[in-house]
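Student: Handing you a structure now.
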Amino acid sequence: MRIKDWYKENKENFSLSELNFIFESFGVNFPCLDLNKILNKKQVDKLKKIKSERLKSIPLALSLGKEKFLDRTFNVSSQTLLPRPETELLTEKTAQIIKEKKFKTVLDLGCGSGCIGISLERMFPGKINVHLSDISKEALAVAVANTVNLKSKAQAVLSDLFSAFGPDSFDLVVTNLPYVKSSQIKGSLLYEPKIALDGGEDGLFFIEKIINQAPRYLKESGYLIMEFGFRQKKRVENFIKTANCYIIREWIKDYAGIWRGVVLENG
Ligand code: GLN
């Protein structure tokens with residue numbers, strides 16, 4: 001079968017950027033490729049699997065075992081949250097702050113595939129010290145594989161929230177902890193690990209905990225940058241006020257204009 005034939009049959013099922021990503025793993029660039037190239041049996045089988053999984057709404061990143069995040073490709077698995085574009089925004093904002101404040105010690109708490117922390121470490125190679133932590137051994141193994149593949153010096157640590165760390169350890173903590181309401185975990189989210197998504201009945205179980213616990217682990221005037229979910233801003237703001245030890249530096253909107261993150265200074 002030629003690439004062209006497969007494309008004709010399947011173009012309705014995938015976007016151009018998805019096709020590009022799929023064919024990249026065959027070492028070809030879509031669409032600027034030789035459409036007459038013959039696919040070998042292994043490639044045809046892989047494409048069959050990808051298509052049948054697409055028809056079952058299994059996320060493409062899971063079918064491919066990888067996802068793009070900023071300008072790098074990360075391994076992902078059914079044990080890691082799949083990186084999302086809104087988290088790219090949060091990571092870029094975090095990078096800006098690291099640069100401005102000349103921060104050195106950074107924790108990506110609940111790192112999953114490690115996409116936030118590894119991206120940051122790669123943006124400031126040799127300049128910052130990044131820890132990646134997660135409660136899931138399986139997720140951490142994926143993060144470690146990503147540090148190796150991407151030549152990152154970020155260090156992975158198994159930790160239940162801050163349990164592995166001592167007080168006053170970090171200039172900055174960035175985190176995308178589970179914040180989906182338990183009742184909202186359905187559809188394609190069912191293919192991702194519950195432990196990475198489930199924020200309890202109101203989705204805010206971990207968010208509240210982190211807002212309360214982070215100051216102990218942050219250095220003086222350290223920053224906490226966290227992602228949260230649709231319609232959670234008001235409640236997040238209340239937790240911040242109750243904690244009574246932060247200056248709100250900035251609220252972050254995602255590409256869809258939805259409030260999605262906050263930048264806090266411990267002060
Ligand atoms: N952004 C994901 C979603 O809305 C959730 C990620 C998370 O719980 N931290 O599907």
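Numbering starts fresh at 1 for the residues of each chain in the structure tokens, the chains themselves are lettered A, B, ... in the order given, and ligands are numbered from 1 as they appear.
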Show me which residues are within 10 Å of ligand 1 counting only C-alpha atoms and all ligand atoms, and format the list as a VMD selection string.
Tutor: chain A and resid 81 to 87 110 112 175 to 181 184 to 186 188 to 189 192 194 to 199 203 to 204 206 to 207 226 to 230 260
Student: Could you pull out the alpha helix (DSSP H) residues of segment 2-154 of chain A, going by DSSP on the backbone, and write them as number ranges by chain?
Tutor: A: 3-10, 16-24, 41-55, 60-64, 85-101, 115-123, 137-149
Student: Can I get the selection written as a PDB file, in the first residue's frame, with C-alpha atoms?
Tutor:
ATOM      1  CA  ILE A   3       0.969   6.406   1.593  1.00  0.00           C
ATOM      2  CA  LYS A   4      -1.345   8.049  -0.944  1.00  0.00           C
ATOM      3  CA  ASP A   5      -3.814   5.138  -0.798  1.00  0.00           C
ATOM      4  CA  TRP A   6      -3.890   5.127   2.977  1.00  0.00           C
ATOM      5  CA  TYR A   7      -4.329   8.886   2.995  1.00  0.00           C
ATOM      6  CA  LYS A   8      -7.286   8.732   0.597  1.00  0.00           C
ATOM      7  CA  GLU A   9      -9.033   6.220   2.827  1.00  0.00           C
ATOM      8  CA  ASN A  10      -8.290   7.974   6.099  1.00  0.00           C
ATOM      9  CA  LEU A  16      -3.263  17.515   8.979  1.00  0.00           C
ATOM     10  CA  SER A  17      -1.178  18.034  12.100  1.00  0.00           C
ATOM     11  CA  GLU A  18      -2.180  14.597  13.375  1.00  0.00           C
ATOM     12  CA  LEU A  19      -1.181  13.044  10.050  1.00  0.00           C
ATOM     13  CA  ASN A  20       2.117  14.858  10.278  1.00  0.00           C
ATOM     14  CA  PHE A  21       2.672  13.487  13.770  1.00  0.00           C
ATOM     15  CA  ILE A  22       1.745   9.932  12.733  1.00  0.00           C
ATOM     16  CA  PHE A  23       4.064   9.915   9.724  1.00  0.00           C
ATOM     17  CA  GLU A  24       6.881  11.557  11.610  1.00  0.00           C
ATOM     18  CA  LYS A  41       3.809  -4.403   6.661  1.00  0.00           C
ATOM     19  CA  LYS A  42       4.795  -3.077  10.084  1.00  0.00           C
ATOM     20  CA  GLN A  43       3.778   0.434   9.119  1.00  0.00           C
ATOM     21  CA  VAL A  44       0.463  -0.711   7.665  1.00  0.00           C
ATOM     22  CA  ASP A  45      -0.279  -2.664  10.849  1.00  0.00           C
ATOM     23  CA  LYS A  46       0.563   0.334  12.978  1.00  0.00           C
ATOM     24  CA  LEU A  47      -1.723   2.546  10.894  1.00  0.00           C
ATOM     25  CA  LYS A  48      -4.529  -0.006  11.228  1.00  0.00           C
ATOM     26  CA  LYS A  49      -4.146   0.040  14.988  1.00  0.00           C
ATOM     27  CA  ILE A  50      -4.101   3.848  15.073  1.00  0.00           C
ATOM     28  CA  LYS A  51      -7.259   4.013  12.973  1.00  0.00           C
ATOM     29  CA  SER A  52      -9.194   1.446  14.960  1.00  0.00           C
ATOM     30  CA  GLU A  53      -8.225   3.239  18.179  1.00  0.00           C
ATOM     31  CA  ARG A  54      -9.307   6.568  16.692  1.00  0.00           C
ATOM     32  CA  LEU A  55     -12.704   5.069  15.891  1.00  0.00           C
ATOM     33  CA  LEU A  60      -3.950   9.691  19.339  1.00  0.00           C
ATOM     34  CA  ALA A  61      -1.144  10.439  21.809  1.00  0.00           C
ATOM     35  CA  LEU A  62      -1.919   7.182  23.544  1.00  0.00           C
ATOM     36  CA  SER A  63      -1.952   5.226  20.270  1.00  0.00           C
ATOM     37  CA  LEU A  64       1.431   6.693  19.358  1.00  0.00           C
ATOM     38  CA  PRO A  85      -1.871  22.887  25.071  1.00  0.00           C
ATOM     39  CA  GLU A  86      -3.121  24.937  28.046  1.00  0.00           C
ATOM     40  CA  THR A  87      -0.280  23.519  30.110  1.00  0.00           C
ATOM     41  CA  GLU A  88       2.146  24.766  27.456  1.00  0.00           C
ATOM     42  CA  LEU A  89       0.922  28.277  28.225  1.00  0.00           C
ATOM     43  CA  LEU A  90       1.454  27.754  31.941  1.00  0.00           C
ATOM     44  CA  THR A  91       4.963  26.455  31.258  1.00  0.00           C
ATOM     45  CA  GLU A  92       5.847  29.449  29.099  1.00  0.00           C
ATOM     46  CA  LYS A  93       4.611  31.790  31.817  1.00  0.00           C
ATOM     47  CA  THR A  94       6.696  29.877  34.360  1.00  0.00           C
ATOM     48  CA  ALA A  95       9.780  30.204  32.147  1.00  0.00           C
ATOM     49  CA  GLN A  96       9.247  33.959  31.949  1.00  0.00           C
ATOM     50  CA  ILE A  97       9.151  34.197  35.733  1.00  0.00           C
ATOM     51  CA  ILE A  98      12.237  31.989  36.196  1.00  0.00           C
ATOM     52  CA  LYS A  99      14.080  34.310  33.846  1.00  0.00           C
ATOM     53  CA  GLU A 100      12.872  37.539  35.432  1.00  0.00           C
ATOM     54  CA  LYS A 101      13.458  36.419  39.014  1.00  0.00           C
ATOM     55  CA  CYS A 115       6.600  17.682  30.278  1.00  0.00           C
ATOM     56  CA  ILE A 116       6.528  20.869  32.374  1.00  0.00           C
ATOM     57  CA  GLY A 117       9.712  20.332  34.378  1.00  0.00           C
ATOM     58  CA  ILE A 118      11.776  18.869  31.557  1.00  0.00           C
ATOM     59  CA  SER A 119      10.735  21.661  29.182  1.00  0.00           C
ATOM     60  CA  LEU A 120      11.799  24.227  31.794  1.00  0.00           C
ATOM     61  CA  GLU A 121      15.116  22.510  32.476  1.00  0.00           C
ATOM     62  CA  ARG A 122      15.827  22.405  28.739  1.00  0.00           C
ATOM     63  CA  MET A 123      15.060  26.129  28.428  1.00  0.00           C
ATOM     64  CA  LYS A 137       5.927   4.968  40.096  1.00  0.00           C
ATOM     65  CA  GLU A 138       4.656   4.179  36.621  1.00  0.00           C
ATOM     66  CA  ALA A 139       4.339   7.853  35.696  1.00  0.00           C
ATOM     67  CA  LEU A 140       7.746   8.610  37.170  1.00  0.00           C
ATOM     68  CA  ALA A 141       9.307   5.839  35.050  1.00  0.00           C
ATOM     69  CA  VAL A 142       7.939   7.598  31.946  1.00  0.00           C
ATOM     70  CA  ALA A 143       9.304  10.934  33.216  1.00  0.00           C
ATOM     71  CA  VAL A 144      12.737   9.362  33.739  1.00  0.00           C
ATOM     72  CA  ALA A 145      12.680   7.928  30.207  1.00  0.00           C
ATOM     73  CA  ASN A 146      11.862  11.414  28.949  1.00  0.00           C
ATOM     74  CA  THR A 147      14.792  12.959  30.837  1.00  0.00           C
ATOM     75  CA  VAL A 148      17.076  10.430  29.156  1.00  0.00           C
ATOM     76  CA  ASN A 149      15.613  10.921  25.660  1.00  0.00           C
TER      77      ASN A 149
END
Student: As a PyMOL selection string, please: the residues near Asn266 of chain A (cut-off 7 Å, only C-alpha atoms, same-chain neighbours under 5 positions excluded).
Tutor: chain A and resi 215+220-223+245-247
Student: Might you pull out every residue within 7 Å of Asp168 of chain A, with only C-alpha atoms counted and same-chain residues fewer than 6 positions away left off, and present them as a PyMOL selection string?
Tutor: chain A and resi 216-219
Student: What's the 12 Å shell around Ile240 of chain A, counting only C-alpha atoms, without same-chain residues fewer than 3 positions away, as an mmCIF file with N, CA and C atoms, in the first residue's frame?
Tutor:
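Contents of result30.cif, as written:
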data_model
loop_
_atom_site.group_PDB
_atom_site.id
_atom_site.type_symbol
_atom_site.label_atom_id
_atom_site.label_comp_id
_atom_site.auth_asym_id
_atom_site.auth_seq_id
_atom_site.Cartn_x
_atom_site.Cartn_y
_atom_site.Cartn_z
ATOM 1 N N ILE A 207 -5.974 21.018 44.862
ATOM 2 C CA ILE A 207 -5.691 22.445 44.714
ATOM 3 C C ILE A 207 -5.668 23.100 46.105
ATOM 4 N N GLU A 208 -6.671 22.796 46.911
ATOM 5 C CA GLU A 208 -6.736 23.393 48.251
ATOM 6 C C GLU A 208 -5.517 22.951 49.080
ATOM 7 N N LYS A 209 -5.215 21.646 48.995
ATOM 8 C CA LYS A 209 -4.071 21.129 49.754
ATOM 9 C C LYS A 209 -2.776 21.843 49.392
ATOM 10 N N ILE A 210 -2.562 21.991 48.089
ATOM 11 C CA ILE A 210 -1.301 22.589 47.639
ATOM 12 C C ILE A 210 -1.204 24.049 48.041
ATOM 13 N N ILE A 211 -2.321 24.753 47.925
ATOM 14 C CA ILE A 211 -2.304 26.165 48.323
ATOM 15 C C ILE A 211 -1.906 26.258 49.802
ATOM 16 N N ASN A 212 -2.400 25.348 50.601
ATOM 17 C CA ASN A 212 -2.078 25.384 52.037
ATOM 18 C C ASN A 212 -0.666 24.876 52.349
ATOM 19 N N GLN A 213 -0.211 23.880 51.613
ATOM 20 C CA GLN A 213 1.083 23.267 51.969
ATOM 21 C C GLN A 213 2.297 23.957 51.347
ATOM 22 N N ALA A 214 2.123 24.526 50.158
ATOM 23 C CA ALA A 214 3.298 25.026 49.409
ATOM 24 C C ALA A 214 4.162 26.031 50.178
ATOM 25 N N PRO A 215 3.565 26.972 50.929
ATOM 26 C CA PRO A 215 4.414 27.991 51.566
ATOM 27 C C PRO A 215 5.555 27.399 52.403
ATOM 28 N N LEU A 224 4.372 30.007 43.544
ATOM 29 C CA LEU A 224 3.570 28.815 43.248
ATOM 30 C C LEU A 224 2.755 29.119 41.997
ATOM 31 N N MET A 226 0.034 27.365 39.489
ATOM 32 C CA MET A 226 -0.789 26.151 39.357
ATOM 33 C C MET A 226 -1.882 26.282 38.317
ATOM 34 N N LYS A 233 -12.050 29.290 39.269
ATOM 35 C CA LYS A 233 -11.266 30.467 39.687
ATOM 36 C C LYS A 233 -11.750 31.034 41.024
ATOM 37 N N LYS A 234 -13.055 31.198 41.149
ATOM 38 C CA LYS A 234 -13.613 31.819 42.366
ATOM 39 C C LYS A 234 -13.219 31.018 43.615
ATOM 40 N N ARG A 235 -13.394 29.707 43.532
ATOM 41 C CA ARG A 235 -13.059 28.858 44.696
ATOM 42 C C ARG A 235 -11.561 28.896 44.978
ATOM 43 N N VAL A 236 -10.768 28.902 43.898
ATOM 44 C CA VAL A 236 -9.308 28.958 44.063
ATOM 45 C C VAL A 236 -8.945 30.266 44.769
ATOM 46 N N GLU A 237 -9.592 31.338 44.354
ATOM 47 C CA GLU A 237 -9.335 32.646 44.952
ATOM 48 C C GLU A 237 -9.666 32.626 46.453
ATOM 49 N N ALA A 243 -5.731 31.118 52.971
ATOM 50 C CA ALA A 243 -4.345 30.762 53.325
ATOM 51 C C ALA A 243 -3.611 31.997 53.867
ATOM 52 N N ASN A 244 -4.000 33.167 53.378
ATOM 53 C CA ASN A 244 -3.541 34.433 53.934
ATOM 54 C C ASN A 244 -2.011 34.601 53.923
ATOM 55 N N CYS A 245 -1.345 34.042 52.914
ATOM 56 C CA CYS A 245 0.115 34.216 52.883
ATOM 57 C C CYS A 245 0.631 34.391 51.456
ATOM 58 N N TYR A 246 -0.265 34.718 50.548
ATOM 59 C CA TYR A 246 0.179 34.872 49.150
ATOM 60 C C TYR A 246 -0.156 36.263 48.619
ATOM 61 N N ILE A 247 0.648 36.685 47.672
ATOM 62 C CA ILE A 247 0.285 37.826 46.827
ATOM 63 C C ILE A 247 -0.090 37.226 45.471
ATOM 64 N N ILE A 248 -1.279 37.565 44.989
ATOM 65 C CA ILE A 248 -1.666 37.056 43.661
ATOM 66 C C ILE A 248 -0.963 37.919 42.620
ATOM 67 N N ARG A 249 -0.076 37.309 41.854
ATOM 68 C CA ARG A 249 0.679 38.067 40.853
ATOM 69 C C ARG A 249 -0.035 38.109 39.511
ATOM 70 N N VAL A 262 -2.939 30.256 37.959
ATOM 71 C CA VAL A 262 -2.642 31.396 38.810
ATOM 72 C C VAL A 262 -1.154 31.406 39.177
ATOM 73 N N VAL A 263 -0.638 32.628 39.303
ATOM 74 C CA VAL A 263 0.760 32.818 39.711
ATOM 75 C C VAL A 263 0.741 33.484 41.083
ATOM 76 N N LEU A 264 1.298 32.809 42.080
ATOM 77 C CA LEU A 264 1.252 33.314 43.454
ATOM 78 C C LEU A 264 2.658 33.516 43.988
ATOM 79 N N GLU A 265 2.814 34.588 44.749
ATOM 80 C CA GLU A 265 4.089 34.801 45.435
ATOM 81 C C GLU A 265 3.874 34.556 46.926
ATOM 82 N N ASN A 266 4.781 33.820 47.501
ATOM 83 C CA ASN A 266 4.728 33.532 48.927
ATOM 84 C C ASN A 266 5.189 34.792 49.654
ATOM 85 N N GLY A 267 4.267 35.463 50.337
ATOM 86 C CA GLY A 267 4.750 36.694 50.942
ATOM 87 C C GLY A 267 3.907 37.209 52.079
#
Student: For atom CA of Asp108 of chain A and atom CA of Val130 of chain A, quote the distance in Å rounded to one decimal.
Tutor: 7.4 Å
Student: Run DSSP on the backbone and grab whatever in segment 20-194 of chain A lands in strand (DSSP E); send it over as an MDAnalysis selection string.
Tutor: chainID A and resid 66:69 72:75 105:109 129:134 155:158 170:175
